[in-house]
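Source file: coords_15.cif; contents: mmCIF, C-alpha atoms.
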```cif
data_entry
loop_
_atom_site.group_PDB
_atom_site.id
_atom_site.type_symbol
_atom_site.label_atom_id
_atom_site.label_comp_id
_atom_site.auth_asym_id
_atom_site.auth_seq_id
_atom_site.Cartn_x
_atom_site.Cartn_y
_atom_site.Cartn_z
ATOM 1 C CA MET V 16 11.072 -1.836 -48.951
ATOM 2 C CA TRP V 17 11.300 -0.382 -45.514
ATOM 3 C CA GLY V 18 12.369 3.222 -45.300
ATOM 4 C CA ARG V 19 14.198 4.750 -42.364
ATOM 5 C CA GLY V 20 10.976 6.405 -41.162
ATOM 6 C CA ARG V 21 9.138 3.094 -40.923
ATOM 7 C CA ILE V 22 12.039 1.428 -39.152
ATOM 8 C CA ALA V 23 12.169 4.293 -36.648
ATOM 9 C CA VAL V 24 8.429 4.018 -35.989
ATOM 10 C CA VAL V 25 8.652 0.251 -35.468
ATOM 11 C CA LEU V 26 11.636 0.645 -33.124
ATOM 12 C CA CYS V 27 9.806 3.324 -31.111
ATOM 13 C CA LEU V 28 6.736 1.104 -30.801
ATOM 14 C CA MET V 29 8.878 -1.827 -29.686
ATOM 15 C CA LEU V 30 10.574 0.326 -27.056
ATOM 16 C CA ALA V 31 7.231 1.708 -25.896
ATOM 17 C CA LEU V 32 6.075 -1.858 -25.267
ATOM 18 C CA LEU V 33 9.358 -3.213 -23.916
ATOM 19 C CA VAL V 34 10.232 -0.493 -21.375
ATOM 20 C CA PRO V 35 7.078 -0.907 -19.210
ATOM 21 C CA ILE V 36 7.470 -4.695 -19.297
ATOM 22 C CA VAL V 37 11.070 -4.430 -18.078
ATOM 23 C CA LEU V 38 10.117 -1.886 -15.384
ATOM 24 C CA PHE V 39 7.283 -4.108 -14.082
ATOM 25 C CA ALA V 40 9.542 -7.163 -14.164
ATOM 26 C CA THR V 41 12.296 -5.397 -12.210
ATOM 27 C CA GLY V 42 9.877 -4.151 -9.571
ATOM 28 C CA ARG V 43 10.133 -0.448 -10.390
ATOM 29 C CA LEU V 44 6.455 -0.020 -11.360
ATOM 30 C CA THR V 45 3.257 -1.262 -9.809
ATOM 31 C CA LEU V 46 -0.342 -0.995 -10.864
ATOM 32 C CA ASN V 47 -2.936 -0.352 -8.157
ATOM 33 C CA VAL V 48 -6.510 -1.414 -8.868
ATOM 34 C CA THR V 49 -7.855 -1.211 -5.297
ATOM 35 C CA ALA V 50 -9.902 1.585 -3.766
ATOM 36 C CA SER V 51 -7.445 2.192 -0.907
ATOM 37 C CA VAL V 52 -5.355 4.616 -2.932
ATOM 38 C CA PRO V 53 -6.091 6.133 -6.343
ATOM 39 C CA VAL V 54 -6.220 3.546 -9.116
ATOM 40 C CA GLY V 55 -3.200 3.928 -11.352
ATOM 41 C CA LEU V 56 0.456 3.396 -12.072
ATOM 42 C CA TYR V 57 3.072 4.014 -9.352
ATOM 43 C CA TRP V 58 6.851 4.345 -9.479
ATOM 44 C CA LEU V 59 8.635 2.426 -6.700
ATOM 45 C CA ASP V 60 11.800 3.659 -5.012
ATOM 46 C CA ARG V 61 13.508 0.887 -3.095
ATOM 47 C CA PHE V 62 13.241 1.282 0.658
ATOM 48 C CA ASP V 63 16.116 0.820 3.057
ATOM 49 C CA SER V 64 16.771 1.818 6.663
ATOM 50 C CA ARG V 65 18.146 5.235 5.573
ATOM 51 C CA THR V 66 14.911 6.186 3.802
ATOM 52 C CA ALA V 67 12.952 8.770 5.779
ATOM 53 C CA LEU V 68 9.379 7.661 6.332
ATOM 54 C CA GLY V 69 7.507 10.777 7.307
ATOM 55 C CA ASN V 70 3.771 10.876 7.697
ATOM 56 C CA GLY V 71 1.926 10.938 4.409
ATOM 57 C CA ARG V 72 4.477 8.820 2.523
ATOM 58 C CA LEU V 73 2.903 6.153 0.358
ATOM 59 C CA VAL V 74 4.602 2.790 0.761
ATOM 60 C CA LEU V 75 4.443 -0.663 -0.759
ATOM 61 C CA THR V 76 4.482 -3.091 2.142
ATOM 62 C CA CYS V 77 3.833 -6.582 3.310
ATOM 63 C CA VAL V 78 1.529 -6.827 6.320
ATOM 64 C CA PRO V 79 1.920 -9.067 9.376
ATOM 65 C CA PRO V 80 1.584 -12.708 8.261
ATOM 66 C CA ALA V 81 -1.720 -13.367 10.077
ATOM 67 C CA ALA V 82 -3.268 -10.316 8.380
ATOM 68 C CA GLY V 83 -1.795 -11.405 5.049
ATOM 69 C CA ARG V 84 -3.379 -14.837 5.373
ATOM 70 C CA VAL V 85 -6.782 -13.247 6.099
ATOM 71 C CA ALA V 86 -6.433 -10.863 3.141
ATOM 72 C CA LEU V 87 -5.498 -13.701 0.808
ATOM 73 C CA ALA V 88 -8.190 -16.106 2.055
ATOM 74 C CA ARG V 89 -10.879 -13.435 1.716
ATOM 75 C CA HIS V 90 -9.618 -12.350 -1.704
ATOM 76 C CA TYR V 91 -8.846 -8.791 -0.594
ATOM 77 C CA VAL V 92 -5.575 -9.279 -2.515
ATOM 78 C CA GLU V 93 -4.089 -11.754 -4.976
ATOM 79 C CA SER V 94 -1.266 -14.233 -4.418
ATOM 80 C CA GLY V 95 2.118 -12.582 -4.278
ATOM 81 C CA SER V 96 5.584 -12.373 -2.800
ATOM 82 C CA CYS V 97 4.914 -11.543 0.873
ATOM 83 C CA GLN V 98 5.535 -14.000 3.713
ATOM 84 C CA ALA V 99 1.902 -15.159 3.888
ATOM 85 C CA GLY V 100 1.725 -15.441 0.091
ATOM 86 C CA GLU V 101 -0.217 -12.228 -0.579
ATOM 87 C CA THR V 102 0.641 -9.289 -2.817
ATOM 88 C CA PRO V 103 2.078 -6.215 -1.094
ATOM 89 C CA PHE V 104 -0.274 -3.390 -0.119
ATOM 90 C CA LEU V 105 -0.066 0.321 -0.996
ATOM 91 C CA LYS V 106 -0.808 2.377 2.143
ATOM 92 C CA TYR V 107 0.032 5.765 3.625
ATOM 93 C CA VAL V 108 2.302 6.064 6.663
ATOM 94 C CA VAL V 109 0.417 8.101 9.295
ATOM 95 C CA ALA V 110 2.466 7.345 12.417
ATOM 96 C CA GLY V 111 5.939 6.179 13.285
ATOM 97 C CA PRO V 112 8.220 5.438 16.228
ATOM 98 C CA GLY V 113 7.156 7.255 19.387
ATOM 99 C CA ASP V 114 3.685 8.184 18.121
ATOM 100 C CA GLN V 115 0.568 7.277 20.059
ATOM 101 C CA VAL V 116 -2.245 5.617 18.108
ATOM 102 C CA VAL V 117 -5.659 4.997 19.639
ATOM 103 C CA VAL V 118 -8.157 2.703 17.904
ATOM 104 C CA SER V 119 -11.788 2.982 19.008
ATOM 105 C CA ALA V 120 -15.206 2.380 17.495
ATOM 106 C CA ALA V 121 -15.222 6.087 16.544
ATOM 107 C CA GLY V 122 -12.009 5.798 14.524
ATOM 108 C CA VAL V 123 -8.234 6.022 14.711
ATOM 109 C CA ALA V 124 -6.465 8.932 16.387
ATOM 110 C CA VAL V 125 -2.754 9.664 16.001
ATOM 111 C CA ASN V 126 -1.301 11.814 18.792
ATOM 112 C CA GLY V 127 -4.824 12.957 19.603
ATOM 113 C CA GLU V 128 -5.849 13.859 16.027
ATOM 114 C CA ARG V 129 -8.595 11.685 14.560
ATOM 115 C CA LEU V 130 -8.009 10.417 11.026
ATOM 116 C CA ARG V 131 -10.877 10.974 8.639
ATOM 117 C CA ILE V 132 -12.769 7.891 7.429
ATOM 118 C CA SER V 133 -11.036 5.696 10.000
ATOM 119 C CA ALA V 134 -13.829 4.073 12.007
ATOM 120 C CA PRO V 135 -13.286 0.318 11.883
ATOM 121 C CA LEU V 136 -16.043 -1.764 10.341
ATOM 122 C CA THR V 137 -17.437 -4.857 12.025
ATOM 123 C CA ARG V 138 -18.161 -6.607 8.706
ATOM 124 C CA ASP V 139 -16.494 -6.641 5.309
ATOM 125 C CA SER V 140 -18.333 -6.065 2.016
ATOM 126 C CA VAL V 141 -19.729 -9.612 1.953
ATOM 127 C CA GLY V 142 -20.735 -9.739 5.624
ATOM 128 C CA ARG V 143 -17.744 -11.538 7.166
ATOM 129 C CA SER V 144 -16.661 -10.400 10.627
ATOM 130 C CA LEU V 145 -13.838 -7.903 10.942
ATOM 131 C CA TYR V 146 -12.030 -7.327 14.207
ATOM 132 C CA ALA V 147 -10.350 -4.109 15.254
ATOM 133 C CA GLU V 148 -9.174 -4.201 18.838
ATOM 134 C CA ALA V 149 -9.985 -0.994 20.717
ATOM 135 C CA ARG V 150 -6.660 -0.094 22.299
ATOM 136 C CA MET V 151 -3.816 2.362 22.558
ATOM 137 C CA TYR V 152 -0.494 1.761 20.840
ATOM 138 C CA ARG V 153 2.793 3.559 21.477
ATOM 139 C CA LEU V 154 4.785 2.732 18.360
ATOM 140 C CA ALA V 155 8.183 1.260 19.083
ATOM 141 C CA ALA V 156 11.317 1.897 17.040
ATOM 142 C CA GLY V 157 10.971 0.404 13.579
ATOM 143 C CA ASN V 158 7.155 0.316 13.599
ATOM 144 C CA PHE V 159 4.734 2.279 11.434
ATOM 145 C CA TRP V 160 0.980 2.738 11.277
ATOM 146 C CA LEU V 161 -0.498 2.352 7.798
ATOM 147 C CA TYR V 162 -3.784 3.797 6.635
ATOM 148 C CA ALA V 163 -5.861 4.653 3.612
ATOM 149 C CA PRO V 164 -8.732 7.163 3.685
ATOM 150 C CA GLU V 165 -11.253 4.659 2.342
ATOM 151 C CA VAL V 166 -14.094 3.110 4.347
ATOM 152 C CA ARG V 167 -13.246 -0.474 3.375
ATOM 153 C CA SER V 168 -9.460 -0.200 3.482
ATOM 154 C CA TYR V 169 -7.800 -3.197 5.148
ATOM 155 C CA ASP V 170 -5.080 -1.370 7.059
ATOM 156 C CA SER V 171 -3.445 -1.032 10.488
ATOM 157 C CA ARG V 172 -6.776 -0.407 12.233
ATOM 158 C CA TYR V 173 -7.342 -4.170 11.769
ATOM 159 C CA PHE V 174 -3.832 -5.585 12.151
ATOM 160 C CA GLY V 175 -1.788 -3.049 14.107
ATOM 161 C CA PRO V 176 1.598 -1.573 13.258
ATOM 162 C CA VAL V 177 3.847 -2.843 10.470
ATOM 163 C CA ALA V 178 7.555 -3.472 10.998
ATOM 164 C CA GLN V 179 10.020 -1.389 9.012
ATOM 165 C CA VAL V 180 11.560 -4.572 7.604
ATOM 166 C CA ASP V 181 8.252 -5.326 5.853
ATOM 167 C CA ILE V 182 8.222 -2.029 3.945
ATOM 168 C CA LEU V 183 9.466 -2.754 0.441
ATOM 169 C CA ALA V 184 9.364 0.595 -1.349
ATOM 170 C CA VAL V 185 8.215 4.183 -1.308
ATOM 171 C CA ALA V 186 5.626 4.741 -4.048
ATOM 172 C CA ARG V 187 5.051 7.830 -6.173
ATOM 173 C CA PRO V 188 2.047 8.180 -8.469
ATOM 174 C CA LEU V 189 2.902 8.370 -12.168
ATOM 175 C CA PHE V 190 -0.587 8.244 -13.625
ATOM 176 C CA THR V 191 -3.662 7.861 -11.449
ATOM 177 C CA GLU V 192 -7.388 8.397 -11.775
ATOM 178 C CA HIS V 193 -7.044 11.694 -9.862
ATOM 179 C CA GLN V 194 -4.487 13.077 -12.325
ATOM 180 C CA ARG V 195 -6.775 12.968 -15.359
#
```
What would you get if you wrote out this structure as structure tokens?
Amino acid sequence: MWGRGRIAVVLCLMLALLVPIVLFATGRLTLNVTASVPVGLYWLDRFDSRTALGNGRLVLTCVPPAAGRVALARHYVESGSCQAGETPFLKYVVAGPGDQVVVSAAGVAVNGERLRISAPLTRDSVGRSLYAEARMYRLAAGNFWLYAPEVRSYDSRYFGPVAQVDILAVARPLFTEHQR
């Protein structure tokens, strides 16, 4: 015979399993396993045009389609829901409309301040060519520069700014490797 205590325990266990499944399925949680940002579980707040995107905000975004095709073909990411068929990326916003971004062999500078660990690589981890055009960008309205402080991050240094319409959510860490 099942007592009330056992029933309560079983119900709690069922809820503990069901709630994360529902949250993943509804797009409110994402799991990051890349080195670009800390490995872990992130809460996603839907993004719309009224959401302020200040520097340092972590976003879930699709990248320009050509960059998405490269990322997918080279297995930087898995298949997903973005226009080129790749999964969205988690990256930090480091520049927005009106900001000046300069990409050079020495790294990326935003409004004259160099970002740490931002020098573009010429080859990826398996020796394939990478291309980062040395140039100056003045970000137009609705454009953002995305970055991750990781040597091998595939970010705006390789594909340029990302349009606001491609930003899907603002991410907040729930449990990451750095929170242990």
_Given the PyMOL selection byres ((chain V and resi 46-55) around 10) and the file above, list the residues it selects as a VMD selection string._
chain V and resid 39 44 to 45 56 to 58 73 91 to 92 104 to 107 162 to 170 188 to 194
*Atomic distance atom CA of Arg150 of chain V - atom CA of Asn126 of chain V, expressed in Å with one decimal*: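 Separation of atom CA of Arg150 of chain V and atom CA of Asn126 of chain V: 13.5 Å.
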_Hits of the PyMOL selection byres ((chain V and resi 131-133) around 8) in this structure, as a VMD selection string_ = chain V and resid 121 to 123 129 to 130 134 to 135 164 to 166 172
*Could you pull the residues within 10 Å of Phe174 of chain V, counting only C-alpha atoms, minus those fewer than 6 positions along the same chain, as a list in words?*
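Within the cut-off, the hits are Val78, Pro79, Pro80, Ala81, Ala82, Gly83, Tyr146, Ala147, Glu148, Trp160 and Leu161 of chain V.
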Those selected residues, please, written with C-alpha atoms and delivered as a compact mmCIF listing (two decimals), in the frame of the given file.
```txt
# COMPACT_ATOMS: atom_id res chain seq x y z
CA VAL V 78 1.53 -6.83 6.32
CA PRO V 79 1.92 -9.07 9.38
CA PRO V 80 1.58 -12.71 8.26
CA ALA V 81 -1.72 -13.37 10.08
CA ALA V 82 -3.27 -10.32 8.38
CA GLY V 83 -1.80 -11.40 5.05
CA TYR V 146 -12.03 -7.33 14.21
CA ALA V 147 -10.35 -4.11 15.25
CA GLU V 148 -9.17 -4.20 18.84
CA TRP V 160 0.98 2.74 11.28
CA LEU V 161 -0.50 2.35 7.80
```
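Residue nearest Gln179 of chain V, chosen from V:Ala99, V:Leu136, V:Val108, V:Asp60 and counting only C-alpha atoms: V:Val108.
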*Pick from V:Leu183, V:Arg89, V:Gly157, V:Pro103: nearest to Ser144 of chain V, with all atoms listed in the file counted?*
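Looking at the shortest contact to Ser144 of chain V, the residue is V:Arg89.
One distance worth recording is that between atom CA of Gly69 of chain V and atom CA of Val125 of chain V, which is 13.5 Å.
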*Using all atoms listed in the file, find the one residue out of V:Ser94, V:Thr66, V:Asn158, V:Thr76 that sits nearest to Val116 of chain V.*
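Ranking V:Ser94, V:Thr66, V:Asn158, V:Thr76 by distance to Val116 of chain V, first place goes to V:Asn158.
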*Do you have the atom CA of Val118 of chain V-atom CA of Val141 of chain V distance handy?*
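If I compute the distance from atom CA of Val118 of chain V to atom CA of Val141 of chain V, I get 23.2 Å.
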With 6 Å on each side, where is the centre of the axis-aligned box around all listed atoms of segment 157-172 of chain V, and how long are its edges in Å to one decimal, as AutoDock Vina command-line options?
```
--center_x -1.6 --center_y 2.0 --center_z 8.0 --size_x 37.1 --size_y 22.4 --size_z 23.3
```
Residues around (12.3, -10.0, 6.9), cut-off 10 Å, counting all atoms listed in the file - what are they as a PDB file with C-alpha atoms, in the coordinates of the input?
```pdb
ATOM      1  CA  CYS V  77       3.833  -6.582   3.310  1.00  0.00           C
ATOM      2  CA  CYS V  97       4.914 -11.543   0.873  1.00  0.00           C
ATOM      3  CA  GLN V  98       5.535 -14.000   3.713  1.00  0.00           C
ATOM      4  CA  ALA V 178       7.555  -3.472  10.998  1.00  0.00           C
ATOM      5  CA  GLN V 179      10.020  -1.389   9.012  1.00  0.00           C
ATOM      6  CA  VAL V 180      11.560  -4.572   7.604  1.00  0.00           C
ATOM      7  CA  ASP V 181       8.252  -5.326   5.853  1.00  0.00           C
ATOM      8  CA  ILE V 182       8.222  -2.029   3.945  1.00  0.00           C
TER       9      ILE V 182
END
```
